[in-house]
$ cat final_10.txt   # compact mmCIF, C-alpha atoms
# COMPACT_ATOMS: atom_id res chain seq x y z
CA MET A 1 19.57 -48.62 -25.79
CA LYS A 2 15.93 -48.70 -24.74
CA LEU A 3 14.02 -45.47 -25.18
CA ASN A 4 11.11 -45.01 -22.83
CA GLU A 5 10.08 -41.60 -24.11
CA PHE A 6 11.02 -39.06 -26.74
CA ILE A 7 10.94 -35.28 -26.95
CA ILE A 8 11.13 -33.27 -30.16
CA PRO A 9 12.07 -29.74 -29.02
CA GLU A 10 11.39 -26.63 -31.08
CA ASP A 11 14.76 -24.98 -30.61
CA LEU A 12 18.21 -25.34 -29.06
CA LYS A 13 17.25 -23.68 -25.77
CA SER A 14 14.27 -26.04 -25.32
CA ALA A 15 16.49 -29.03 -26.08
CA GLN A 16 19.08 -27.90 -23.54
CA SER A 17 16.41 -27.21 -20.94
CA ALA A 18 14.85 -30.68 -21.48
CA LEU A 19 18.24 -32.39 -21.23
CA GLU A 20 19.15 -30.41 -18.11
CA LYS A 21 15.86 -31.36 -16.45
CA LEU A 22 16.23 -35.03 -17.40
CA GLY A 23 19.84 -35.24 -16.21
CA GLU A 24 21.12 -38.82 -16.41
CA LYS A 25 17.78 -39.99 -17.79
CA GLY A 26 18.09 -37.85 -20.92
CA PHE A 27 19.96 -38.60 -24.11
CA ALA A 28 20.50 -36.33 -27.10
CA VAL A 29 19.76 -38.09 -30.38
CA ALA A 30 20.67 -36.72 -33.81
CA GLY A 31 21.42 -39.62 -36.18
CA GLY A 32 20.96 -42.18 -33.46
CA THR A 33 23.13 -44.86 -35.08
CA SER A 34 25.50 -45.20 -32.12
CA LEU A 35 22.65 -45.93 -29.70
CA HIS A 36 22.83 -49.55 -30.73
CA PHE A 37 26.26 -49.90 -29.15
CA LEU A 38 25.29 -48.43 -25.81
CA GLY A 39 23.67 -51.43 -24.11
CA ILE A 40 20.28 -51.75 -22.50
CA VAL A 41 19.84 -48.52 -20.60
CA GLU A 42 16.48 -46.79 -20.38
CA LYS A 43 16.62 -43.18 -21.52
CA THR A 44 14.42 -40.40 -22.78
CA ALA A 45 15.53 -39.34 -26.24
CA VAL A 46 15.74 -35.64 -27.03
CA ASP A 47 15.80 -35.21 -30.79
CA ILE A 48 18.36 -32.53 -31.67
CA SER A 49 18.33 -33.14 -35.43
CA HIS A 50 15.94 -30.25 -36.23
CA LEU A 51 17.73 -27.48 -34.33
CA GLY A 52 19.73 -25.84 -37.10
CA LEU A 53 23.06 -27.28 -35.97
CA SER A 54 23.87 -28.66 -39.44
CA GLY A 55 25.97 -27.24 -42.24
CA ILE A 56 29.51 -26.35 -43.27
CA GLN A 57 30.72 -22.76 -43.61
CA LYS A 58 34.13 -21.48 -44.60
CA GLN A 59 35.06 -18.50 -42.45
CA GLY A 60 38.52 -17.00 -42.66
CA GLY A 61 41.04 -19.79 -42.31
CA ALA A 62 38.62 -22.38 -40.95
CA TYR A 63 35.59 -24.50 -41.72
CA LEU A 64 32.79 -24.26 -39.17
CA ILE A 65 30.88 -27.53 -39.10
CA GLY A 66 27.58 -27.88 -37.26
CA ALA A 67 27.56 -30.82 -34.88
CA THR A 68 24.55 -32.48 -36.51
CA THR A 69 26.01 -32.26 -40.03
CA SER A 70 25.68 -35.71 -41.57
CA LEU A 71 28.74 -37.66 -42.62
CA GLY A 72 27.17 -37.79 -46.09
CA ASP A 73 27.29 -33.99 -46.25
CA LEU A 74 30.91 -34.03 -45.05
CA MET A 75 31.68 -36.46 -47.89
CA LYS A 76 29.99 -34.33 -50.56
CA PHE A 77 31.48 -30.99 -49.50
CA LYS A 78 34.45 -30.08 -51.70
CA ASP A 79 36.98 -27.27 -51.29
CA GLN A 80 40.72 -26.81 -51.76
CA GLY A 81 41.71 -27.07 -48.10
CA TRP A 82 38.96 -29.51 -47.06
CA VAL A 83 39.98 -33.08 -46.23
CA LEU A 84 37.17 -34.51 -44.09
CA ASP A 85 35.49 -35.85 -47.24
CA GLN A 86 38.26 -38.48 -47.31
CA VAL A 87 37.36 -39.55 -43.78
CA ALA A 88 33.61 -39.63 -44.40
CA LEU A 89 34.05 -41.64 -47.59
CA HIS A 90 35.56 -44.49 -45.59
CA THR A 91 32.96 -44.41 -42.84
CA SER A 92 30.40 -47.21 -43.05
CA THR A 93 27.81 -47.21 -45.86
CA GLN A 94 25.85 -44.48 -47.64
CA GLN A 95 22.72 -45.19 -45.58
CA ILE A 96 24.71 -44.69 -42.37
CA ARG A 97 26.60 -41.66 -43.72
CA ASN A 98 23.25 -40.06 -44.59
CA ILE A 99 22.00 -40.18 -40.99
CA SER A 100 25.10 -40.38 -38.78
CA THR A 101 26.41 -37.04 -37.65
CA LEU A 102 29.83 -35.61 -36.90
CA GLY A 103 28.74 -35.01 -33.31
CA GLY A 104 27.61 -38.59 -32.90
CA ASN A 105 31.03 -39.78 -34.00
CA ILE A 106 32.92 -37.68 -31.48
CA VAL A 107 30.80 -37.16 -28.35
CA ARG A 108 31.05 -40.79 -27.25
CA VAL A 109 34.22 -42.25 -28.65
CA PHE A 110 34.57 -45.91 -29.49
CA PRO A 111 38.05 -47.16 -30.46
CA TRP A 112 36.95 -47.60 -34.08
CA ASN A 113 35.46 -44.12 -34.54
CA ASP A 114 36.83 -42.36 -37.59
CA PHE A 115 36.72 -38.65 -36.94
CA PRO A 116 38.57 -38.22 -33.61
CA VAL A 117 41.82 -39.29 -35.26
CA ALA A 118 41.42 -36.84 -38.13
CA LEU A 119 40.35 -33.97 -35.84
CA LEU A 120 43.38 -34.56 -33.59
CA ALA A 121 45.70 -34.43 -36.60
CA LEU A 122 43.95 -31.33 -37.94
CA ASP A 123 44.13 -29.49 -34.58
CA ALA A 124 40.38 -28.85 -34.56
CA THR A 125 38.52 -26.79 -31.98
CA LEU A 126 35.30 -28.14 -30.49
CA TYR A 127 32.53 -26.00 -29.00
CA ILE A 128 30.26 -27.13 -26.19
CA GLU A 129 27.30 -24.90 -25.43
CA GLY A 130 25.34 -24.70 -22.22
CA VAL A 131 24.49 -21.37 -20.61
CA ALA A 132 27.73 -20.14 -22.20
CA GLU A 133 29.88 -21.54 -24.97
CA LYS A 134 33.23 -23.15 -24.19
CA ALA A 135 35.90 -23.99 -26.75
CA TYR A 136 38.15 -27.03 -26.38
CA SER A 137 41.27 -27.86 -28.34
CA SER A 138 41.14 -31.34 -29.85
CA ASP A 139 43.96 -32.33 -27.46
CA ASP A 140 41.87 -31.42 -24.40
CA TYR A 141 38.61 -32.70 -25.86
CA PHE A 142 39.93 -36.16 -26.75
CA ASN A 143 42.10 -36.54 -23.65
CA GLY A 144 39.72 -39.23 -22.33
CA GLN A 145 36.07 -39.85 -23.10
CA PRO A 146 34.69 -36.50 -24.32
CA ILE A 147 31.36 -37.12 -22.60
CA ARG A 148 33.16 -36.31 -19.31
CA LEU A 149 33.16 -32.64 -20.39
CA PHE A 150 29.39 -32.41 -20.80
CA GLN A 151 27.08 -31.32 -17.98
CA PRO A 152 23.35 -32.08 -18.35
CA GLY A 153 21.92 -29.65 -20.88
CA GLN A 154 25.22 -29.02 -22.65
CA LEU A 155 25.59 -29.95 -26.29
CA LEU A 156 28.38 -30.03 -28.82
CA THR A 157 27.29 -27.34 -31.27
CA ARG A 158 30.11 -26.99 -33.79
CA VAL A 159 33.60 -28.03 -34.75
CA GLU A 160 36.16 -25.68 -36.26
CA VAL A 161 38.71 -27.24 -38.60
CA PRO A 162 41.58 -25.23 -40.09
CA VAL A 163 41.72 -24.90 -43.87
CA LEU A 164 44.75 -26.81 -45.13
CA LYS A 165 47.22 -24.31 -46.63
CA PRO A 166 49.82 -24.69 -49.40
CA GLY A 167 52.86 -26.40 -47.90
CA GLN A 168 50.62 -28.59 -45.75
CA GLY A 169 49.52 -32.13 -46.49
CA PHE A 170 46.97 -34.51 -44.99
CA GLY A 171 47.12 -38.30 -44.89
CA TYR A 172 44.41 -40.64 -43.65
CA HIS A 173 44.07 -44.39 -43.65
CA LYS A 174 41.55 -46.75 -42.14
CA GLU A 175 42.37 -50.44 -42.32
CA VAL A 176 39.31 -52.67 -42.51
CA ARG A 177 38.53 -56.26 -43.42
CA LEU A 178 35.29 -55.33 -45.19
CA HIS A 179 34.65 -51.95 -46.78
CA ALA A 180 31.92 -51.01 -44.31
CA GLY A 181 33.54 -52.77 -41.35
CA PHE A 182 34.87 -51.27 -38.17
CA SER A 183 38.43 -50.08 -38.24
CA LEU A 184 41.29 -52.37 -37.29
CA MET A 185 43.71 -49.45 -37.44
CA THR A 186 43.14 -45.77 -38.21
CA ALA A 187 45.75 -43.05 -38.52
CA ALA A 188 45.84 -39.46 -39.75
CA ALA A 189 48.61 -36.92 -40.14
CA VAL A 190 49.08 -33.28 -41.10
CA ILE A 191 52.59 -32.26 -42.15
CA THR A 192 53.85 -28.76 -42.87
CA VAL A 193 56.99 -28.52 -45.00
CA LYS A 194 59.21 -25.43 -45.16
CA SER A 195 62.52 -25.20 -47.01
CA GLY A 196 62.80 -28.97 -47.37
CA ARG A 197 62.30 -29.62 -43.63
CA ILE A 198 59.32 -30.74 -41.58
CA ASP A 199 58.17 -27.52 -39.97
CA GLY A 200 55.01 -28.90 -38.35
CA ILE A 201 53.62 -32.35 -37.71
CA ARG A 202 50.54 -33.72 -35.99
CA VAL A 203 49.85 -37.43 -36.18
CA ALA A 204 47.18 -39.49 -34.41
CA ALA A 205 46.02 -43.08 -34.37
CA SER A 206 43.17 -45.19 -33.08
CA ALA A 207 41.57 -48.64 -33.19
CA GLY A 208 44.94 -50.32 -32.62
CA ILE A 209 45.37 -48.38 -29.38
CA ALA A 210 42.82 -47.96 -26.58
CA LEU A 211 41.46 -44.52 -27.50
CA PRO A 212 42.27 -42.02 -30.24
CA ALA A 213 45.50 -40.23 -29.34
CA ARG A 214 48.28 -38.14 -30.80
CA LEU A 215 51.56 -39.98 -31.22
CA THR A 216 53.75 -37.32 -29.68
CA LEU A 217 56.95 -39.36 -29.80
CA VAL A 218 56.59 -39.73 -33.58
CA GLU A 219 55.93 -36.00 -33.83
CA ALA A 220 58.99 -35.18 -31.69
CA ALA A 221 61.18 -37.46 -33.80
CA LEU A 222 60.03 -35.77 -37.03
CA GLY A 223 60.04 -32.08 -36.08
CA GLY A 224 62.77 -30.19 -37.93
CA GLN A 225 63.96 -33.27 -39.81
CA ALA A 226 64.55 -33.48 -43.56
CA ALA A 227 61.27 -33.93 -45.42
CA ASP A 228 62.03 -37.36 -46.84
CA ALA A 229 61.05 -41.03 -46.52
CA ALA A 230 64.10 -41.90 -44.39
CA SER A 231 63.04 -39.40 -41.70
CA LEU A 232 59.54 -40.84 -41.69
CA GLN A 233 60.78 -44.41 -41.35
CA GLN A 234 63.11 -43.58 -38.50
CA ALA A 235 60.47 -41.56 -36.64
CA VAL A 236 57.85 -44.32 -36.96
CA ALA A 237 60.31 -46.99 -35.79
CA ASN A 238 61.57 -44.99 -32.81
CA GLY A 239 58.36 -43.15 -31.95
CA THR A 240 56.10 -46.19 -31.74
CA ALA A 241 58.37 -48.62 -29.88
CA ALA A 242 56.77 -47.92 -26.50
CA LEU A 243 53.15 -47.88 -27.74
CA ALA A 244 50.77 -50.52 -26.38
CA TRP A 245 49.22 -51.77 -29.61
CA LYS A 246 46.21 -54.02 -29.14
CA GLY A 247 45.22 -56.66 -31.66
CA LYS A 248 41.61 -57.63 -32.25
CA GLU A 249 39.49 -59.73 -34.59
CA GLY A 250 42.16 -62.44 -34.64
CA MET A 251 45.16 -60.07 -34.81
CA SER A 252 47.89 -60.61 -32.23
CA ASP A 253 49.30 -57.54 -30.47
CA GLU A 254 52.49 -58.04 -32.46
CA TYR A 255 50.53 -58.05 -35.73
CA ALA A 256 48.71 -54.90 -34.61
CA ALA A 257 52.06 -53.20 -33.91
CA HIS A 258 53.30 -54.09 -37.39
CA LEU A 259 50.04 -52.97 -38.99
CA GLY A 260 50.20 -49.75 -36.99
CA ARG A 261 53.65 -48.93 -38.29
CA VAL A 262 52.64 -49.70 -41.89
CA VAL A 263 49.51 -47.55 -41.65
CA LEU A 264 51.50 -44.71 -40.06
CA MET A 265 54.05 -44.82 -42.87
CA ASP A 266 51.18 -44.68 -45.39
CA VAL A 267 49.55 -41.60 -43.85
CA LEU A 268 52.83 -39.78 -43.23
CA SER A 269 53.99 -40.47 -46.79
CA ALA A 270 50.70 -39.24 -48.23
CA ALA A 271 50.78 -36.10 -46.07
CA LEU A 272 54.40 -35.42 -47.03
CA LEU A 273 53.73 -35.82 -50.75
CA GLN A 274 50.78 -33.45 -50.59
CA ALA A 275 52.77 -30.94 -48.54
CA GLN A 276 55.48 -31.03 -51.20
CA GLY A 277 52.85 -30.34 -53.84
CA GLU A 278 52.95 -33.77 -55.45
CA MET B 1 1.66 -48.85 -25.60
CA LYS B 2 3.39 -46.63 -23.04
CA ASN B 3 4.33 -43.04 -23.91
CA THR B 4 3.03 -43.28 -27.47
CA ARG B 5 2.55 -40.05 -29.38
CA HIS B 6 0.98 -38.95 -32.63
CA LEU B 7 3.54 -37.91 -35.23
CA SER B 8 3.12 -36.73 -38.80
CA PHE B 9 5.21 -37.47 -41.82
CA SER B 10 4.55 -38.26 -45.44
CA VAL B 11 4.87 -41.71 -46.93
CA ASN B 12 5.06 -41.97 -50.69
CA GLY B 13 3.75 -38.43 -51.09
CA GLU B 14 0.79 -38.83 -48.75
CA ALA B 15 0.74 -36.94 -45.44
CA LYS B 16 -0.07 -39.31 -42.62
CA GLU B 17 -0.36 -39.41 -38.86
CA PHE B 18 0.96 -42.32 -36.84
CA LEU B 19 0.79 -43.40 -33.23
CA VAL B 20 4.44 -44.01 -32.40
CA ALA B 21 6.04 -45.72 -29.40
CA PRO B 22 9.42 -44.32 -28.23
CA ASP B 23 11.34 -47.47 -29.07
CA GLU B 24 9.61 -48.26 -32.34
CA LYS B 25 11.77 -48.45 -35.43
CA LEU B 26 10.60 -46.92 -38.70
CA LEU B 27 10.81 -50.36 -40.36
CA ASP B 28 8.31 -51.85 -37.89
CA LEU B 29 5.96 -48.91 -38.30
CA LEU B 30 6.01 -49.15 -42.10
CA ARG B 31 5.42 -52.89 -42.06
CA ARG B 32 2.52 -52.64 -39.59
CA GLU B 33 1.03 -50.05 -41.93
CA GLY B 34 1.08 -52.71 -44.66
CA LEU B 35 4.16 -51.46 -46.50
CA THR B 36 5.84 -54.85 -46.42
CA GLY B 37 8.02 -54.21 -49.45
CA THR B 38 10.52 -52.81 -46.94
CA LYS B 39 12.24 -55.94 -45.68
CA HIS B 40 13.56 -56.91 -42.27
CA GLY B 41 16.99 -58.42 -42.88
CA CYS B 42 19.81 -58.01 -40.38
CA GLY B 43 18.09 -55.53 -38.05
CA THR B 44 21.47 -53.92 -37.34
CA GLY B 45 21.91 -51.46 -40.21
CA SER B 46 24.21 -53.63 -42.24
CA CYS B 47 22.42 -55.43 -45.09
CA GLY B 48 20.32 -52.72 -46.73
CA SER B 49 17.11 -54.69 -47.27
CA CYS B 50 15.23 -52.19 -45.07
CA THR B 51 16.45 -49.16 -47.07
CA VAL B 52 13.97 -46.32 -47.53
CA ILE B 53 14.47 -42.78 -48.81
CA MET B 54 14.04 -39.99 -46.24
CA ASP B 55 14.08 -36.44 -47.60
CA GLY B 56 15.85 -37.70 -50.72
CA LYS B 57 18.54 -39.69 -48.90
CA THR B 58 18.70 -43.39 -48.21
CA VAL B 59 18.54 -44.59 -44.61
CA TYR B 60 18.30 -47.95 -42.88
CA SER B 61 14.77 -48.06 -41.47
CA CYS B 62 15.68 -50.95 -39.14
CA ILE B 63 17.87 -48.72 -36.97
CA LEU B 64 16.01 -45.44 -37.40
CA TYR B 65 13.58 -44.65 -34.63
CA ALA B 66 10.15 -43.84 -36.04
CA PHE B 67 10.10 -40.49 -34.21
CA GLN B 68 13.14 -39.43 -36.24
CA ALA B 69 10.87 -39.33 -39.32
CA GLU B 70 8.69 -36.57 -37.80
CA GLY B 71 8.01 -33.89 -40.42
CA ARG B 72 9.99 -35.69 -43.09
CA ALA B 73 9.14 -37.32 -46.42
CA ILE B 74 9.58 -41.09 -46.58
CA GLU B 75 9.60 -43.04 -49.82
CA THR B 76 9.26 -46.83 -49.83
CA ILE B 77 9.39 -49.31 -52.67
CA GLU B 78 5.58 -49.15 -52.91
CA GLY B 79 5.94 -45.53 -54.05
CA VAL B 80 8.41 -46.37 -56.81
CA GLY B 81 6.53 -48.73 -59.08
CA ASP B 82 4.47 -51.90 -59.28
CA PHE B 83 3.89 -54.85 -61.58
CA ASP B 84 1.70 -52.84 -63.96
CA ASN B 85 3.81 -49.72 -63.91
CA PRO B 86 7.39 -50.58 -62.99
CA HIS B 87 10.13 -48.00 -62.55
CA PRO B 88 12.89 -48.14 -65.22
CA LEU B 89 15.25 -49.50 -62.54
CA GLN B 90 12.85 -52.35 -61.77
CA THR B 91 12.43 -53.12 -65.46
CA ALA B 92 16.18 -53.18 -66.04
CA LEU B 93 16.82 -55.44 -63.03
CA VAL B 94 14.23 -57.94 -64.30
CA GLU B 95 15.42 -57.76 -67.91
CA GLU B 96 19.04 -58.37 -66.90
CA GLY B 97 18.19 -61.33 -64.67
CA ALA B 98 19.50 -59.44 -61.67
CA VAL B 99 16.75 -60.65 -59.35
CA GLN B 100 17.03 -64.08 -57.77
CA CYS B 101 15.43 -64.41 -54.32
CA GLY B 102 14.55 -60.73 -54.55
CA PHE B 103 14.81 -59.94 -50.85
CA CYS B 104 17.45 -57.24 -51.33
CA ILE B 105 15.91 -55.73 -54.45
CA PRO B 106 13.60 -53.10 -52.84
CA GLY B 107 16.60 -51.66 -51.03
CA ILE B 108 18.75 -51.80 -54.13
CA VAL B 109 16.11 -50.03 -56.22
CA LEU B 110 15.77 -47.27 -53.62
CA SER B 111 19.53 -46.79 -53.24
CA ALA B 112 19.94 -46.58 -57.02
CA LYS B 113 16.97 -44.21 -57.33
CA ALA B 114 18.40 -41.86 -54.69
CA LEU B 115 21.81 -41.97 -56.37
CA LEU B 116 20.47 -41.19 -59.84
CA ALA B 117 18.30 -38.37 -58.49
CA GLU B 118 21.46 -36.79 -57.07
CA ILE B 119 23.99 -37.82 -59.73
CA PRO B 120 22.28 -38.75 -63.02
CA GLN B 121 25.52 -39.96 -64.62
CA PRO B 122 27.56 -41.44 -61.78
CA THR B 123 31.07 -42.77 -62.27
CA ASP B 124 31.80 -46.40 -61.37
CA ALA B 125 33.39 -45.18 -58.14
CA GLU B 126 30.30 -43.13 -57.21
CA LEU B 127 28.09 -46.10 -58.04
CA LYS B 128 30.05 -48.25 -55.61
CA VAL B 129 30.03 -45.59 -52.88
CA TYR B 130 26.27 -45.08 -53.07
CA MET B 131 25.41 -48.78 -53.43
CA ASP B 132 27.85 -50.07 -50.82
CA GLY B 133 25.18 -50.40 -48.17
CA ASN B 134 23.10 -53.02 -49.98
CA LEU B 135 24.12 -56.64 -49.77
CA CYS B 136 22.93 -59.35 -52.17
CA ARG B 137 23.67 -62.96 -51.26
CA CYS B 138 22.41 -64.42 -54.56
CA THR B 139 23.69 -62.62 -57.60
CA GLY B 140 27.30 -61.68 -56.94
CA TYR B 141 26.31 -58.11 -57.94
CA GLU B 142 27.44 -58.34 -61.55
CA LYS B 143 23.99 -58.42 -63.09
CA ILE B 144 22.77 -55.73 -60.73
CA GLU B 145 25.63 -53.54 -61.91
CA VAL B 146 24.82 -54.30 -65.54
CA ALA B 147 21.18 -53.35 -64.97
CA LEU B 148 22.12 -50.07 -63.26
CA HIS B 149 24.54 -49.21 -66.08
CA LYS B 150 21.75 -49.86 -68.57
CA VAL B 151 19.50 -47.33 -66.81
CA ILE B 152 22.35 -44.83 -66.50
CA ALA B 153 23.19 -45.16 -70.21
CA ALA B 154 19.55 -44.70 -71.17
CA GLY B 155 19.24 -41.71 -68.85
CA SER B 156 15.81 -43.06 -68.08
CA CYS B 157 15.65 -41.93 -64.46
CA GLY B 158 18.25 -39.20 -64.31
CA GLY B 159 17.13 -36.38 -62.08
CA ALA B 160 13.99 -38.28 -61.07
CA LYS B 161 12.85 -37.33 -57.59
$ encode --input "final_10.txt" --output "structure tokens"
Amino acid sequence: MKLNEFIIPEDLKSAQSALEKLGEKGFAVAGGTSLHFLGIVEKTAVDISHLGLSGIQKQGGAYLIGATTSLGDLMKFKDQGWVLDQVALHTSTQQIRNISTLGGNIVRVFPWNDFPVALLALDATLYIEGVAEKAYSSDDYFNGQPIRLFQPGQLLTRVEVPVLKPGQGFGYHKEVRLHAGFSLMTAAAVITVKSGRIDGIRVAASAGIALPARLTLVEAALGGQAADAASLQQAVANGTAALAWKGKEGMSDEYAAHLGRVVLMDVLSAALLQAQGE
Amino acid sequence: MKNTRHLSFSVNGEAKEFLVAPDEKLLDLLRREGLTGTKHGCGTGSCGSCTVIMDGKTVYSCILYAFQAEGRAIETIEGVGDFDNPHPLQTALVEEGAVQCGFCIPGIVLSAKALLAEIPQPTDAELKVYMDGNLCRCTGYEKIEVALHKVIAAGSCGGAK
């Protein structure tokens, strides 16, 4: 992206006002690392990194994460029900994690982005603020390119992620060729186990499919089933048969489909083990 | 230059004012200011030779717009040590024969310095996580790792800011 001007606003209201005035010509920049993938378009940058939108707070049963919280801070934050450190750890390199922000990873979604998949599995809530604040479920927010939801002057301000409770487990896997490379296949799952049965399941994937999405057929096949490996295997086999897997970087579509099933089994197995307290 | 503006940030502890163009990267600004120890490698935020420390954290200066440094504290390799007064990390890298062409070394020193300021006694896993953004095409990393372990064992820059 080519920047023809930059603005460093004093506060959130000034940033929103500048972005509203600029309309299509404006562009909010926090970490700025994704700008390099956005082609040669002339924009005026509005720096939103100084506006107090960073930080992680635990409030009741949820973590409130400021949109400009760096991935490095997500990685370093530790708490019993916190799992996004696992996602951040596998995102790029330390230099990128130190400057890239959660918002930057989820406002414009590329197929390889790491956090949309995890936030879909975790049933996060995302808050966009303009004149008023509007909350979106992760299902609504990621049902297409999120940027479609933003009017000029509106910004993603925070993300609310439920605290993982006992009886729940989280699994996440990102398949890469090189440690800091873009994902070939990403999947995440949250499983709730009650009385030996799967009482709740959310699973999502990306990179191997066009955009991050929940795999609702896998979820439907697992709901209420016995909490064991056989149930997982059957659900993955049946629930992914109709998915349009897309190979890249030399992978055929068939290879991508196989890789997708393997990665899904890995994340579901990890989530199940954690949910069972192992 | 069109739409240039004066911005202030500190470099190696010294408050400075710069005339910054909107599209200018921090790497280019530092190098035009004579701080050529920060190297231009890939230019895409992949190799780590342009690493600098911003407010205590490493960043790739080749993909960071200069205006993003406004009000912040930047540390480059020139602020770490020199031939007459090397930093313990620089001494260890030389003593262990971990420097061949040397192009990656400023970035490696800065990444290691930021790590040890944050975690004075890192585990091997933490060492890999914090150093994973610096590529070296000469050494195969082994001697670099040995040198870093030497500094960690000596505790000679633990907690250093």
$ interface_residues --input "final_10.txt" --of "chain B" --to "chain A" --cutoff "9 Å" --atoms "all atoms listed in the file" --output "PDB file with C-alpha atoms, keeping the file's coordinate frame"
ATOM      1  CA  LYS B   2       3.390 -46.630 -23.040  1.00  0.00           C
ATOM      2  CA  ASN B   3       4.330 -43.040 -23.910  1.00  0.00           C
ATOM      3  CA  THR B   4       3.030 -43.280 -27.470  1.00  0.00           C
ATOM      4  CA  ARG B   5       2.550 -40.050 -29.380  1.00  0.00           C
ATOM      5  CA  ALA B  21       6.040 -45.720 -29.400  1.00  0.00           C
ATOM      6  CA  PRO B  22       9.420 -44.320 -28.230  1.00  0.00           C
ATOM      7  CA  ASP B  23      11.340 -47.470 -29.070  1.00  0.00           C
ATOM      8  CA  GLU B  24       9.610 -48.260 -32.340  1.00  0.00           C
ATOM      9  CA  THR B  44      21.470 -53.920 -37.340  1.00  0.00           C
ATOM     10  CA  GLY B  45      21.910 -51.460 -40.210  1.00  0.00           C
ATOM     11  CA  SER B  46      24.210 -53.630 -42.240  1.00  0.00           C
ATOM     12  CA  GLY B  48      20.320 -52.720 -46.730  1.00  0.00           C
ATOM     13  CA  THR B  51      16.450 -49.160 -47.070  1.00  0.00           C
ATOM     14  CA  LYS B  57      18.540 -39.690 -48.900  1.00  0.00           C
ATOM     15  CA  THR B  58      18.700 -43.390 -48.210  1.00  0.00           C
ATOM     16  CA  VAL B  59      18.540 -44.590 -44.610  1.00  0.00           C
ATOM     17  CA  TYR B  60      18.300 -47.950 -42.880  1.00  0.00           C
ATOM     18  CA  ILE B  63      17.870 -48.720 -36.970  1.00  0.00           C
ATOM     19  CA  LEU B  64      16.010 -45.440 -37.400  1.00  0.00           C
ATOM     20  CA  TYR B  65      13.580 -44.650 -34.630  1.00  0.00           C
ATOM     21  CA  PHE B  67      10.100 -40.490 -34.210  1.00  0.00           C
ATOM     22  CA  GLN B  68      13.140 -39.430 -36.240  1.00  0.00           C
ATOM     23  CA  GLU B  70       8.690 -36.570 -37.800  1.00  0.00           C
ATOM     24  CA  SER B 111      19.530 -46.790 -53.240  1.00  0.00           C
ATOM     25  CA  VAL B 129      30.030 -45.590 -52.880  1.00  0.00           C
ATOM     26  CA  TYR B 130      26.270 -45.080 -53.070  1.00  0.00           C
ATOM     27  CA  MET B 131      25.410 -48.780 -53.430  1.00  0.00           C
ATOM     28  CA  ASP B 132      27.850 -50.070 -50.820  1.00  0.00           C
ATOM     29  CA  GLY B 133      25.180 -50.400 -48.170  1.00  0.00           C
ATOM     30  CA  ASN B 134      23.100 -53.020 -49.980  1.00  0.00           C
TER      31      ASN B 134
END
$ residues_around --input "final_10.txt" --residues "Tyr127 in chain A" --least-positions-apart "6" --cutoff "12 Å" --atoms "only C-alpha atoms" --output "list in words"
Leu53, Leu64, Ile65, Gly66, Ala67, Gly103, Ile106, Val107, Glu133, Lys134, Ala135, Tyr136, Ser137, Ser138, Asp140, Tyr141, Pro146, Leu149, Phe150, Gln154, Leu155, Leu156, Thr157, Arg158, Val159, Glu160 and Val161 of chain A
$ write_last_selection --input "final_10.txt" --atoms "C-alpha atoms" --output "mmCIF file, keeping the file's coordinate frame"
data_model
loop_
_atom_site.group_PDB
_atom_site.id
_atom_site.type_symbol
_atom_site.label_atom_id
_atom_site.label_comp_id
_atom_site.auth_asym_id
_atom_site.auth_seq_id
_atom_site.Cartn_x
_atom_site.Cartn_y
_atom_site.Cartn_z
ATOM 1 C CA LEU A 53 23.060 -27.280 -35.970
ATOM 2 C CA LEU A 64 32.790 -24.260 -39.170
ATOM 3 C CA ILE A 65 30.880 -27.530 -39.100
ATOM 4 C CA GLY A 66 27.580 -27.880 -37.260
ATOM 5 C CA ALA A 67 27.560 -30.820 -34.880
ATOM 6 C CA GLY A 103 28.740 -35.010 -33.310
ATOM 7 C CA ILE A 106 32.920 -37.680 -31.480
ATOM 8 C CA VAL A 107 30.800 -37.160 -28.350
ATOM 9 C CA GLU A 133 29.880 -21.540 -24.970
ATOM 10 C CA LYS A 134 33.230 -23.150 -24.190
ATOM 11 C CA ALA A 135 35.900 -23.990 -26.750
ATOM 12 C CA TYR A 136 38.150 -27.030 -26.380
ATOM 13 C CA SER A 137 41.270 -27.860 -28.340
ATOM 14 C CA SER A 138 41.140 -31.340 -29.850
ATOM 15 C CA ASP A 140 41.870 -31.420 -24.400
ATOM 16 C CA TYR A 141 38.610 -32.700 -25.860
ATOM 17 C CA PRO A 146 34.690 -36.500 -24.320
ATOM 18 C CA LEU A 149 33.160 -32.640 -20.390
ATOM 19 C CA PHE A 150 29.390 -32.410 -20.800
ATOM 20 C CA GLN A 154 25.220 -29.020 -22.650
ATOM 21 C CA LEU A 155 25.590 -29.950 -26.290
ATOM 22 C CA LEU A 156 28.380 -30.030 -28.820
ATOM 23 C CA THR A 157 27.290 -27.340 -31.270
ATOM 24 C CA ARG A 158 30.110 -26.990 -33.790
ATOM 25 C CA VAL A 159 33.600 -28.030 -34.750
ATOM 26 C CA GLU A 160 36.160 -25.680 -36.260
ATOM 27 C CA VAL A 161 38.710 -27.240 -38.600
#
$ atom_distance --input "final_10.txt" --atom1 "CA of Lys16 in chain B" --atom2 "CA of Ile53 in chain B"
16.2 Å
$ residues_around --input "final_10.txt" --residues "range 195-199 of chain A" --least-positions-apart "4" --cutoff "12 Å" --atoms "only C-alpha atoms" --output "number ranges by chain"
A: 167-169, 190-191, 219-229, 231-232, 235, 268, 271-273, 275-277
$ atom_distance --input "final_10.txt" --atom1 "CA of Pro116 in chain A" --atom2 "CA of Leu211 in chain A"
9.2 Å
